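The file entry-v4.tsv comes next; it holds TSV, C-alpha atoms and all ligand atoms.
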```tsv
chain	number	residue	atom	x	y	z
A	1	MET	CA	-18.70	6.20	-13.33
A	2	GLU	CA	-16.02	8.85	-13.89
A	3	LEU	CA	-13.50	9.89	-11.26
A	4	SER	CA	-15.31	13.23	-10.94
A	5	ASP	CA	-18.48	11.33	-9.98
A	6	VAL	CA	-16.80	10.03	-6.82
A	7	LYS	CA	-18.03	12.46	-4.17
A	8	LYS	CA	-18.42	10.37	-1.06
A	9	VAL	CA	-16.40	7.44	0.19
A	10	GLY	CA	-16.94	4.81	2.85
A	11	VAL	CA	-14.37	3.04	5.02
A	12	VAL	CA	-15.47	-0.11	6.84
A	13	GLY	CA	-13.24	-1.07	9.76
A	14	SER	CA	-11.54	1.85	11.54
A	15	GLY	CA	-8.56	0.08	13.10
A	16	THR	CA	-4.85	0.40	12.32
A	17	MET	CA	-5.50	0.76	8.59
A	18	GLY	CA	-9.08	2.03	8.35
A	19	HIS	CA	-8.60	5.22	10.34
A	20	GLY	CA	-5.51	6.12	8.28
A	21	ILE	CA	-7.34	5.43	5.02
A	22	ALA	CA	-10.13	7.72	6.25
A	23	ILE	CA	-7.55	10.45	7.02
A	24	ASN	CA	-6.19	10.18	3.50
A	25	PHE	CA	-9.57	10.49	1.76
A	26	ALA	CA	-10.85	13.25	4.05
A	27	LEU	CA	-7.65	15.29	3.91
A	28	TRP	CA	-7.85	15.50	0.14
A	29	GLY	CA	-11.46	16.56	0.04
A	30	TYR	CA	-13.70	13.51	0.21
A	31	ASP	CA	-16.69	13.28	2.52
A	32	THR	CA	-15.92	10.06	4.33
A	33	VAL	CA	-18.18	7.83	6.37
A	34	MET	CA	-16.27	5.42	8.59
A	35	SER	CA	-17.82	2.43	10.32
A	36	ASP	CA	-16.85	-0.16	12.88
A	37	LEU	CA	-18.48	-2.62	15.23
A	38	ASN	CA	-19.17	-0.22	18.12
A	39	GLU	CA	-19.05	3.42	19.19
A	40	GLU	CA	-16.13	2.88	21.55
A	41	ILE	CA	-13.87	1.73	18.72
A	42	LEU	CA	-15.01	4.61	16.55
A	43	ALA	CA	-14.33	7.15	19.31
A	44	LYS	CA	-10.78	5.79	19.66
A	45	SER	CA	-10.36	5.95	15.86
A	46	MET	CA	-11.44	9.61	15.80
A	47	THR	CA	-8.82	10.34	18.48
A	48	ASP	CA	-6.22	8.56	16.34
A	49	ILE	CA	-7.35	10.53	13.28
A	50	LYS	CA	-6.90	13.86	15.08
A	51	PHE	CA	-3.48	12.74	16.31
A	52	GLY	CA	-2.44	11.60	12.80
A	53	LEU	CA	-3.48	14.89	11.24
A	54	GLY	CA	-1.76	16.75	14.07
A	55	LEU	CA	1.58	15.23	13.05
A	56	PHE	CA	1.16	16.67	9.55
A	57	VAL	CA	0.40	20.09	11.09
A	58	GLU	CA	3.41	19.79	13.39
A	59	ALA	CA	5.59	19.09	10.34
A	60	ASP	CA	4.17	22.14	8.51
A	61	MET	CA	2.78	19.93	5.76
A	62	ILE	CA	-0.81	21.09	6.27
A	63	THR	CA	-2.43	23.91	8.24
A	64	GLN	CA	-4.53	23.43	11.36
A	65	GLN	CA	-7.49	24.58	9.23
A	66	GLN	CA	-6.87	21.75	6.73
A	67	ALA	CA	-6.70	19.27	9.61
A	68	ASP	CA	-9.95	20.61	11.09
A	69	ASP	CA	-11.63	20.51	7.68
A	70	ALA	CA	-10.55	16.89	7.22
A	71	VAL	CA	-11.99	15.93	10.62
A	72	GLY	CA	-15.17	17.77	9.66
A	73	ARG	CA	-15.53	15.63	6.53
A	74	ILE	CA	-15.51	12.37	8.52
A	75	THR	CA	-18.70	10.96	9.97
A	76	THR	CA	-18.89	7.71	11.91
A	77	THR	CA	-21.53	5.02	12.19
A	78	THR	CA	-22.06	1.45	13.34
A	79	ASP	CA	-24.78	0.99	10.74
A	80	LEU	CA	-23.50	-0.46	7.48
A	81	ALA	CA	-26.58	0.84	5.69
A	82	GLU	CA	-25.38	4.40	6.39
A	83	VAL	CA	-22.05	3.66	4.74
A	84	ALA	CA	-23.77	2.03	1.82
A	85	ALA	CA	-26.46	4.68	1.30
A	86	ASP	CA	-24.61	7.09	-0.96
A	87	SER	CA	-20.95	6.08	-0.99
A	88	ASP	CA	-19.47	5.96	-4.46
A	89	PHE	CA	-16.34	4.11	-3.36
A	90	ILE	CA	-16.08	1.89	-0.27
A	91	THR	CA	-12.84	0.54	1.16
A	92	GLU	CA	-13.01	-2.35	3.57
A	93	ALA	CA	-10.27	-2.68	6.19
A	94	ILE	CA	-11.80	-5.25	8.51
A	95	VAL	CA	-10.13	-8.35	9.93
A	96	ASP	CA	-8.20	-10.35	7.29
A	97	ARG	CA	-10.54	-13.36	7.39
A	98	SER	CA	-12.06	-14.54	4.14
A	99	GLN	CA	-15.47	-15.38	5.60
A	100	ASP	CA	-15.83	-11.96	7.28
A	101	LYS	CA	-14.92	-10.12	4.10
A	102	ARG	CA	-17.28	-12.33	2.08
A	103	GLU	CA	-20.19	-11.53	4.41
A	104	LEU	CA	-19.38	-7.83	4.34
A	105	PHE	CA	-19.13	-7.59	0.55
A	106	ASN	CA	-22.34	-9.59	0.11
A	107	LYS	CA	-24.18	-7.24	2.48
A	108	LEU	CA	-22.78	-4.17	0.76
A	109	ASP	CA	-23.81	-5.64	-2.60
A	110	THR	CA	-27.45	-5.63	-1.52
A	111	LEU	CA	-27.29	-2.27	0.28
A	112	CYS	CA	-25.28	-0.11	-2.14
A	113	PRO	CA	-26.42	1.63	-5.29
A	114	PRO	CA	-25.24	-0.14	-8.46
A	115	ARG	CA	-22.52	2.45	-9.15
A	116	THR	CA	-20.56	1.85	-5.92
A	117	ILE	CA	-17.08	0.37	-6.27
A	118	PHE	CA	-15.86	-1.94	-3.49
A	119	ALA	CA	-12.16	-1.93	-2.61
A	120	SER	CA	-10.47	-4.35	-0.26
A	121	ASN	CA	-7.34	-3.55	1.70
A	122	THR	CA	-6.59	-7.22	2.31
A	123	SER	CA	-2.93	-8.11	2.78
A	124	SER	CA	-3.17	-11.67	1.58
A	125	LEU	CA	-6.63	-12.75	0.39
A	126	VAL	CA	-7.94	-12.64	-3.19
A	127	LEU	CA	-11.14	-11.23	-4.65
A	128	SER	CA	-11.80	-14.41	-6.63
A	129	ASP	CA	-12.29	-16.10	-3.26
A	130	PHE	CA	-14.08	-13.77	-0.84
A	131	GLY	CA	-15.69	-11.64	-3.55
A	132	SER	CA	-17.04	-14.53	-5.62
A	133	ASP	CA	-20.72	-14.07	-4.62
A	134	VAL	CA	-20.81	-10.36	-5.35
A	135	LYS	CA	-22.95	-9.53	-8.37
A	136	ARG	CA	-21.01	-6.40	-9.40
A	137	GLN	CA	-17.83	-8.34	-10.29
A	138	ASP	CA	-16.76	-5.44	-12.51
A	139	LYS	CA	-16.65	-3.11	-9.50
A	140	LEU	CA	-14.37	-5.10	-7.18
A	141	VAL	CA	-10.83	-3.81	-6.72
A	142	ILE	CA	-7.89	-4.12	-4.36
A	143	THR	CA	-6.30	-1.08	-2.78
A	144	HIS	CA	-3.52	-2.44	-0.65
A	145	TYR	CA	-2.11	0.30	1.56
A	146	PHE	CA	0.97	0.07	3.77
A	147	ALA	CA	0.90	1.03	7.43
A	148	PRO	CA	0.55	3.78	8.40
A	149	PRO	CA	-1.64	4.29	5.32
A	150	HIS	CA	-1.98	8.05	5.60
A	151	ILE	CA	1.83	8.37	5.59
A	152	VAL	CA	3.36	5.61	3.43
A	153	PRO	CA	2.89	6.78	-0.17
A	154	GLY	CA	2.62	3.50	-2.15
A	155	VAL	CA	-0.67	1.65	-2.63
A	156	GLU	CA	-1.02	-1.53	-4.68
A	157	VAL	CA	-4.04	-1.41	-6.99
A	158	GLY	CA	-5.23	-4.88	-7.90
A	159	LYS	CA	-8.10	-6.67	-9.53
A	160	GLY	CA	-10.22	-9.78	-9.41
A	161	PRO	CA	-11.25	-11.97	-12.32
A	162	GLY	CA	-14.15	-9.73	-13.35
A	163	THR	CA	-12.81	-6.26	-12.54
A	164	SER	CA	-13.46	-3.86	-15.41
A	165	VAL	CA	-10.75	-1.69	-16.91
A	166	GLU	CA	-12.94	1.29	-16.00
A	167	SER	CA	-13.07	0.42	-12.25
A	168	PHE	CA	-9.36	-0.43	-12.19
A	169	GLU	CA	-8.31	2.81	-13.88
A	170	LEU	CA	-10.73	4.91	-11.82
A	171	THR	CA	-9.20	3.45	-8.65
A	172	TYR	CA	-5.71	4.14	-9.95
A	173	GLU	CA	-6.63	7.78	-10.64
A	174	LEU	CA	-8.45	8.10	-7.32
A	175	MET	CA	-5.30	7.04	-5.47
A	176	LYS	CA	-3.34	9.73	-7.32
A	177	LYS	CA	-6.00	12.28	-6.45
A	178	VAL	CA	-5.55	11.56	-2.74
A	179	LYS	CA	-1.78	11.94	-3.19
A	180	LYS	CA	-0.86	8.28	-3.07
A	181	VAL	CA	1.56	6.53	-5.40
A	182	PRO	CA	-0.47	3.73	-7.01
A	183	ILE	CA	1.23	0.57	-8.25
A	184	ARG	CA	-0.75	-1.46	-10.80
A	185	LEU	CA	-0.86	-5.22	-10.26
A	186	GLN	CA	-1.43	-7.15	-13.48
A	187	LYS	CA	-2.49	-10.43	-11.89
A	188	GLU	CA	-4.26	-11.74	-8.84
A	189	LEU	CA	-1.97	-13.61	-6.44
A	190	PRO	CA	-2.28	-14.17	-2.66
A	191	GLY	CA	-0.02	-11.65	-0.93
A	192	TYR	CA	0.13	-9.59	-4.14
A	193	LEU	CA	3.45	-8.03	-5.03
A	194	ILE	CA	5.14	-6.03	-2.33
A	195	ASN	CA	4.20	-8.23	0.62
A	196	ARG	CA	5.66	-11.21	-1.21
A	197	ILE	CA	8.94	-9.39	-1.79
A	198	GLN	CA	8.98	-8.17	1.79
A	199	ALA	CA	8.11	-11.65	3.08
A	200	ALA	CA	10.96	-13.19	1.06
A	201	MET	CA	13.39	-10.89	2.84
A	202	GLY	CA	11.76	-11.57	6.21
A	203	ARG	CA	11.96	-15.35	5.70
A	204	GLU	CA	15.64	-15.21	4.82
A	205	ALA	CA	16.45	-12.83	7.70
A	206	MET	CA	14.76	-15.09	10.26
A	207	LYS	CA	16.30	-18.23	8.75
A	208	LEU	CA	19.78	-16.72	9.05
A	209	TRP	CA	19.02	-15.66	12.62
A	210	ALA	CA	17.82	-19.20	13.45
A	211	GLU	CA	21.02	-20.63	11.95
A	212	GLY	CA	23.05	-18.39	14.26
A	213	MET	CA	24.51	-16.36	11.39
A	214	ALA	CA	24.02	-13.07	13.27
A	215	THR	CA	22.05	-11.61	16.15
A	216	ALA	CA	18.65	-10.08	15.50
A	217	GLU	CA	20.19	-6.67	16.29
A	218	ASP	CA	22.95	-7.08	13.70
A	219	ILE	CA	20.54	-8.33	11.04
A	220	GLU	CA	18.32	-5.25	11.57
A	221	LEU	CA	21.35	-2.95	11.61
A	222	GLY	CA	22.73	-4.55	8.46
A	223	ILE	CA	19.52	-4.09	6.52
A	224	ILE	CA	18.90	-0.53	7.66
A	225	THR	CA	22.45	0.71	7.00
A	226	THR	CA	23.06	-1.01	3.66
A	227	PHE	CA	20.38	-1.77	1.10
A	228	GLY	CA	17.75	-0.17	3.36
A	229	PHE	CA	19.81	3.04	3.20
A	230	ARG	CA	19.71	2.88	-0.59
A	231	MET	CA	16.08	1.94	-0.94
A	232	PRO	CA	14.42	5.37	-0.92
A	233	HIS	CA	16.29	5.79	-4.22
A	234	GLU	CA	16.24	2.36	-5.80
A	235	GLY	CA	14.84	-1.14	-5.73
A	236	PRO	CA	16.67	-4.27	-6.91
A	237	MET	CA	16.34	-3.60	-10.65
A	238	MET	CA	17.60	-0.02	-10.46
A	239	HIS	CA	20.34	-1.27	-8.17
A	240	TYR	CA	21.40	-3.74	-10.88
A	241	ASP	CA	21.66	-0.77	-13.22
A	242	LEU	CA	23.47	1.68	-10.93
A	243	ALA	CA	25.88	-0.84	-9.43
A	244	GLY	CA	26.91	-1.51	-13.05
A	245	ILE	CA	26.23	-5.23	-12.72
A	246	TRP	CA	24.95	-5.29	-16.32
A	247	LYS	CA	28.50	-4.36	-17.41
A	248	TRP	CA	30.17	-7.26	-15.63
A	249	PRO	CA	31.37	-10.28	-17.65
A	250	ALA	CA	28.47	-12.71	-18.22
A	251	ASP	CA	29.97	-15.48	-16.05
A	252	VAL	CA	30.45	-13.10	-13.11
A	253	ARG	CA	27.03	-11.51	-13.60
A	254	ASN	CA	25.45	-14.95	-13.49
A	255	ALA	CA	27.51	-16.30	-10.60
A	256	ASN	CA	24.22	-17.31	-8.91
A	257	PRO	CA	22.25	-18.50	-11.94
A	258	ASN	CA	18.51	-18.20	-11.54
A	259	PRO	CA	16.39	-21.29	-12.24
A	260	ASN	CA	13.79	-19.16	-14.01
A	261	ASP	CA	14.34	-19.14	-17.81
A	262	LYS	CA	12.94	-15.68	-18.34
A	263	ILE	CA	15.18	-14.12	-15.70
A	264	ARG	CA	18.20	-16.05	-16.97
A	265	GLU	CA	17.60	-14.75	-20.47
A	266	ARG	CA	17.17	-11.21	-19.17
A	267	MET	CA	20.42	-11.41	-17.19
A	268	ALA	CA	22.25	-12.87	-20.19
A	269	GLU	CA	21.43	-9.74	-22.20
A	270	GLY	CA	23.75	-7.62	-20.06
A	271	THR	CA	21.63	-4.50	-20.46
A	272	PRO	CA	20.29	-2.14	-17.80
A	273	TRP	CA	16.61	-2.14	-16.87
A	274	PHE	CA	16.11	1.61	-16.84
A	275	VAL	CA	19.32	3.59	-17.19
A	276	ASP	CA	20.47	4.74	-20.61
A	277	PRO	CA	24.01	3.28	-20.91
A	278	ASP	CA	25.16	6.58	-22.44
A	279	LYS	CA	23.92	8.44	-19.35
A	280	PHE	CA	25.22	5.99	-16.77
A	281	ASP	CA	27.68	8.45	-15.18
A	282	GLU	CA	24.96	11.10	-14.80
A	283	ALA	CA	22.63	8.59	-13.15
A	284	VAL	CA	25.35	7.54	-10.70
A	285	GLU	CA	26.10	11.17	-9.89
A	286	ALA	CA	22.42	11.91	-9.17
A	287	ARG	CA	22.28	8.85	-6.94
A	288	ASP	CA	25.38	9.88	-5.04
A	289	ARG	CA	24.07	13.41	-4.46
A	290	GLU	CA	20.94	11.92	-2.93
A	291	TYR	CA	22.89	9.39	-0.87
A	292	VAL	CA	25.15	12.13	0.53
A	293	GLN	CA	22.13	14.10	1.71
A	294	ARG	CA	20.75	10.99	3.40
A	295	LEU	CA	24.11	10.19	5.01
A	296	LYS	CA	24.25	13.75	6.33
A	297	THR	CA	20.71	13.65	7.72
A	298	LEU	CA	20.75	10.19	9.21
A	299	TYR	CA	24.33	9.38	10.24
A	300	TRP	CA	26.99	12.06	9.77
A	301	ASP	CA	26.92	13.52	13.28
A	302	LYS	CA	26.25	10.18	14.92
A	303	LEU	CA	29.11	8.07	13.59
B	1	LIG	N1	-1.89	-3.63	9.80
B	1	LIG	C1	-1.22	-3.59	8.66
B	1	LIG	O1	0.00	-3.31	8.63
B	1	LIG	C2	-1.91	-3.86	7.35
B	1	LIG	C3	-1.29	-3.46	6.16
B	1	LIG	C4	-1.95	-3.65	4.94
B	1	LIG	C5	-3.18	-4.26	4.92
B	1	LIG	N2	-3.77	-4.66	6.10
B	1	LIG	C6	-5.10	-5.26	6.02
B	1	LIG	O2	-6.05	-4.31	6.44
B	1	LIG	C7	-7.17	-4.98	7.05
B	1	LIG	C8	-7.36	-4.43	8.44
B	1	LIG	O3	-6.19	-4.63	9.18
B	1	LIG	P1	-5.89	-3.75	10.48
B	1	LIG	O4	-4.44	-3.98	10.79
B	1	LIG	O5	-6.39	-2.38	10.30
B	1	LIG	O6	-6.77	-4.52	11.55
B	1	LIG	P2	-7.37	-3.95	12.91
B	1	LIG	O7	-7.69	-5.12	13.75
B	1	LIG	O8	-6.50	-2.88	13.49
B	1	LIG	O9	-8.71	-3.23	12.45
B	1	LIG	C9	-9.80	-3.93	11.93
B	1	LIG	C10	-11.04	-3.20	12.37
B	1	LIG	O10	-12.15	-3.77	11.70
B	1	LIG	C11	-13.20	-3.88	12.66
B	1	LIG	N3	-14.11	-4.92	12.16
B	1	LIG	C12	-13.93	-6.25	12.17
B	1	LIG	N4	-14.96	-6.86	11.56
B	1	LIG	C13	-15.80	-5.86	11.15
B	1	LIG	C14	-17.02	-5.83	10.45
B	1	LIG	N5	-17.60	-6.96	10.05
B	1	LIG	N6	-17.56	-4.63	10.17
B	1	LIG	C15	-16.97	-3.47	10.57
B	1	LIG	N7	-15.81	-3.45	11.23
B	1	LIG	C16	-15.23	-4.63	11.50
B	1	LIG	C17	-12.53	-4.19	13.96
B	1	LIG	O11	-13.37	-3.85	15.06
B	1	LIG	C18	-11.29	-3.32	13.87
B	1	LIG	O12	-11.49	-2.02	14.40
B	1	LIG	C19	-6.84	-6.47	6.98
B	1	LIG	O13	-7.42	-7.03	5.85
B	1	LIG	C20	-5.32	-6.48	6.88
B	1	LIG	O14	-4.83	-7.63	6.26
B	1	LIG	C21	-3.17	-4.45	7.31
```

Reformat the file's structure so that it appears as structure tokens.
Amino acid sequence: MELSDVKKVGVVGSGTMGHGIAINFALWGYDTVMSDLNEEILAKSMTDIKFGLGLFVEADMITQQQADDAVGRITTTTDLAEVAADSDFITEAIVDRSQDKRELFNKLDTLCPPRTIFASNTSSLVLSDFGSDVKRQDKLVITHYFAPPHIVPGVEVGKGPGTSVESFELTYELMKKVKKVPIRLQKELPGYLINRIQAAMGREAMKLWAEGMATAEDIELGIITTFGFRMPHEGPMMHYDLAGIWKWPADVRNANPNPNDKIRERMAEGTPWFVDPDKFDEAVEARDREYVQRLKTLYWDKL
């Protein structure tokens, strides 16, 4: 199946994530059938969808007509067979329980046409577990959105042991088509990439709180006003580049040596990850221009 063959999408589970995923597909032109366990939940989800689209209208990002068109592209059902009937791409966003996802994928496998790709929005489970009974192993993918999924741009695109290059790349392109920023995951690992990084920070923050290092308020404030302030521009590797850490003497650079050989070797090189050393000053200037704008918007009049 080519990307252009994807005409209709399904979203199973219309809660916190599912209704936002439906917004995203419908807003960018896809007929979307959304299902959940009962009509009451679906009615609430449609209200949430209208509200979510309304915020985009309020911010002048889309017109009221675009919002109405998106709502018009969404149909709801409690019958899984209706989702399965002619969906080319189905995203599940049901409860994060392996057995529930297994049952759902197995049912979809029998109900859907052979071309349909199944995507899971799981935060922590792996396809090699809950997807292991599915016959179409080549058509199982991960699309891991971040709440609220119609607003946060990044989506992790992952695979299971049998996922074909074709399904993986189609999913990657599909995410771009619905104006997401896809991030390719090369391996299957519980928690995937970003949640693991985020969880590492969360673990350390709570540990330091438990040890009485700072109050919860000060930990939050510290994160938001320091590296959190920088993060719309750079992650840890770009920070290594722009802070000029790669230029420091090797013993200072490696003051906290990492037990991992590969990282130790990489740090020993003393070279930036991304920035051309000859264009270091330009990169710092571009960063500072962006930071100044952020300082102005977020803090200048409040400090
Ligand atoms: N909430 C987040 O921040 C977040 C972020 C990324 C990924 N996820 C993942 O997304 C998935 C959904 O999470 P959520 O936060 O939207 O949960 P949620 O509880 O808000 O929504 C889940 C919805 O699925 C429905 N449901 C449950 N079993 C179903 C079934 N068999 N068929 C149809 N509908 C069913 C529920 O009625 C509910 O409306 C989970 O796998 C979760 O790990 C959540």

| message | Would you compute the distance between atom CA of Lys296 of chain A and atom CA of Thr63 of chain A? Give it in Å to one decimal. | response |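 Distance reported for this atom pair: 28.6 Å.
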
| query | Looking at only C-alpha atoms and all ligand atoms, which of A:Thr78, A:Thr122, A:Thr32, A:Ser87 is the one that sits closest to ligand LIG 1 (chain B)? | reply |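 The shortest atom-to-atom distance to ligand LIG 1 (chain B) comes from A:Thr122.
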
Could you give me the centre and size, in Å to one decimal, of an axis-aligned box around all listed atoms of ligand LIG 1 (chain B) with 6 Å added on every side, as AutoDock Vina command-line options?
```
--center_x -8.8 --center_y -4.8 --center_z 10.0 --size_x 29.6 --size_y 17.6 --size_z 22.1
```

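The nearest approach to Val165 of chain A among the residues A:His150, A:Lys179, A:Lys139, A:Arg73, with only C-alpha atoms taken into account, belongs to A:Lys139.
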
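Comparing A:Asp88, A:Asp5, A:Glu40, A:Glu217 by their smallest distance to Pro114 of chain A, the closest is A:Asp88 (using only C-alpha atoms).
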
Which neighbours of Val275 of chain A fall inside 10 Å, counting only C-alpha atoms, when residues of the same chain fewer than 6 positions from it are skipped, and could you give them as a PDB file with C-alpha atoms, in the frame of the given file?
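Done, and the output landed in result.pdb:
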```pdb
ATOM      1  CA  MET A 238      17.600  -0.020 -10.460  1.00  0.00           C
ATOM      2  CA  TYR A 240      21.400  -3.740 -10.880  1.00  0.00           C
ATOM      3  CA  ASP A 241      21.660  -0.770 -13.220  1.00  0.00           C
ATOM      4  CA  LEU A 242      23.470   1.680 -10.930  1.00  0.00           C
ATOM      5  CA  ASP A 281      27.680   8.450 -15.180  1.00  0.00           C
ATOM      6  CA  GLU A 282      24.960  11.100 -14.800  1.00  0.00           C
ATOM      7  CA  ALA A 283      22.630   8.590 -13.150  1.00  0.00           C
ATOM      8  CA  VAL A 284      25.350   7.540 -10.700  1.00  0.00           C
TER       9      VAL A 284
END
```

| query | Which of these, A:Ile49, A:Ala243, A:Leu125, A:Leu111, has the shortest distance to ligand LIG 1 (chain B) once you count only C-alpha atoms and all ligand atoms? | reply |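 So, comparing all the options, the nearest one is A:Leu125.
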
| message | Could you check the closest approach to Asp36 of chain A for each of A:Ile224, A:Met267, A:Ala286, A:Val11 and tell me which residue wins, using only C-alpha atoms? | response |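 Smallest separation from Asp36 of chain A among the options: A:Val11.
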
Using only C-alpha atoms and all ligand atoms, what does the table of chain A residues within 10 Å of ligand LIG 1 (chain B) look like, with each row giving the shortest atom pair and its distance in Å to one decimal, sorted by chain and ascending number, as CSV?
```
residue,atom,partner,partner_atom,distance
A:Val11,CA,B:LIG1,C15,8.9
A:Val12,CA,B:LIG1,C15,5.2
A:Gly13,CA,B:LIG1,O10,3.5
A:Ser14,CA,B:LIG1,O12,4.8
A:Gly15,CA,B:LIG1,O9,3.4
A:Thr16,CA,B:LIG1,O5,3.8
A:Met17,CA,B:LIG1,O5,3.7
A:Gly18,CA,B:LIG1,O5,5.5
A:His19,CA,B:LIG1,O5,7.9
A:Gly20,CA,B:LIG1,O5,8.8
A:Ile21,CA,B:LIG1,O5,9.5
A:Met34,CA,B:LIG1,C15,9.1
A:Ser35,CA,B:LIG1,C15,6.0
A:Asp36,CA,B:LIG1,N7,3.8
A:Leu37,CA,B:LIG1,N7,4.9
A:Asn38,CA,B:LIG1,O11,7.5
A:Glu40,CA,B:LIG1,O11,9.7
A:Ile41,CA,B:LIG1,O12,6.2
A:Leu42,CA,B:LIG1,O12,7.8
A:Lys44,CA,B:LIG1,O12,9.4
A:Ser45,CA,B:LIG1,O12,8.2
A:Thr77,CA,B:LIG1,C15,9.8
A:Thr78,CA,B:LIG1,C15,7.6
A:Asp79,CA,B:LIG1,C15,9.0
A:Leu80,CA,B:LIG1,N6,7.7
A:Thr91,CA,B:LIG1,C7,9.9
A:Glu92,CA,B:LIG1,C7,7.3
A:Ala93,CA,B:LIG1,C7,4.0
A:Ile94,CA,B:LIG1,O10,3.5
A:Val95,CA,B:LIG1,C19,4.8
A:Asp96,CA,B:LIG1,O13,3.7
A:Arg97,CA,B:LIG1,O13,7.2
A:Ser98,CA,B:LIG1,O13,9.0
A:Gln99,CA,B:LIG1,N5,9.8
A:Asp100,CA,B:LIG1,N5,6.0
A:Lys101,CA,B:LIG1,N5,7.3
A:Arg102,CA,B:LIG1,N5,9.6
A:Glu103,CA,B:LIG1,N5,7.7
A:Leu104,CA,B:LIG1,N5,6.0
A:Phe105,CA,B:LIG1,N5,9.6
A:Ser120,CA,B:LIG1,O13,7.3
A:Asn121,CA,B:LIG1,O2,5.0
A:Thr122,CA,B:LIG1,O13,3.6
A:Ser123,CA,B:LIG1,O14,4.0
A:Ser124,CA,B:LIG1,O14,6.4
A:Leu125,CA,B:LIG1,O13,7.9
A:Thr143,CA,B:LIG1,C5,8.9
A:His144,CA,B:LIG1,C5,5.9
A:Tyr145,CA,B:LIG1,C4,5.2
A:Phe146,CA,B:LIG1,C3,4.8
A:Ala147,CA,B:LIG1,O1,4.6
A:Pro148,CA,B:LIG1,O1,7.1
A:Pro149,CA,B:LIG1,C3,7.8
A:Val155,CA,B:LIG1,C4,9.3
A:Glu156,CA,B:LIG1,C4,9.9
A:Gly191,CA,B:LIG1,O14,9.5
A:Asn195,CA,B:LIG1,C4,8.8
```

| message | Counting only C-alpha atoms, which residue out of A:Gln66, A:Asp86, A:Ile23, A:Leu53 sits closest to Lys8 of chain A? | response |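 Selected residue with least distance to Lys8 of chain A: A:Asp86.
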
| task | Please provide the set of residues having any atom within 9 Å of Gly162 of chain A, restricted to all atoms listed in the file, with same-chain residues fewer than 4 positions apart removed, written as a ChimeraX atom specification. | result | /A:128,136-140

Serialized selection, C-alpha atoms, as a PDB file, keeping the file's coordinate frame:
```
ATOM      1  CA  SER A 128     -11.800 -14.410  -6.630  1.00  0.00           C
ATOM      2  CA  ARG A 136     -21.010  -6.400  -9.400  1.00  0.00           C
ATOM      3  CA  GLN A 137     -17.830  -8.340 -10.290  1.00  0.00           C
ATOM      4  CA  ASP A 138     -16.760  -5.440 -12.510  1.00  0.00           C
ATOM      5  CA  LYS A 139     -16.650  -3.110  -9.500  1.00  0.00           C
ATOM      6  CA  LEU A 140     -14.370  -5.100  -7.180  1.00  0.00           C
TER       7      LEU A 140
END
```

| Interatomic distance (Å, one decimal) between atom CA of Pro249 of chain A and atom CA of Glu290 of chain A |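 Between these atoms lies a distance of 28.6 Å.
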
| message | What's the separation between atom CA of Gln186 of chain A and atom CA of Ala119 of chain A, in Å to one decimal place? | response |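 If I compute the distance from atom CA of Gln186 of chain A to atom CA of Ala119 of chain A, I get 16.1 Å.
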
| task | Can you pull out every residue within 9 Å of Thr171 of chain A, counting all atoms listed in the file, but drop anything in the same chain fewer than 6 positions away, and send it as a ChimeraX atom specification? | result | /A:3,89,117,119,141-143,157,182
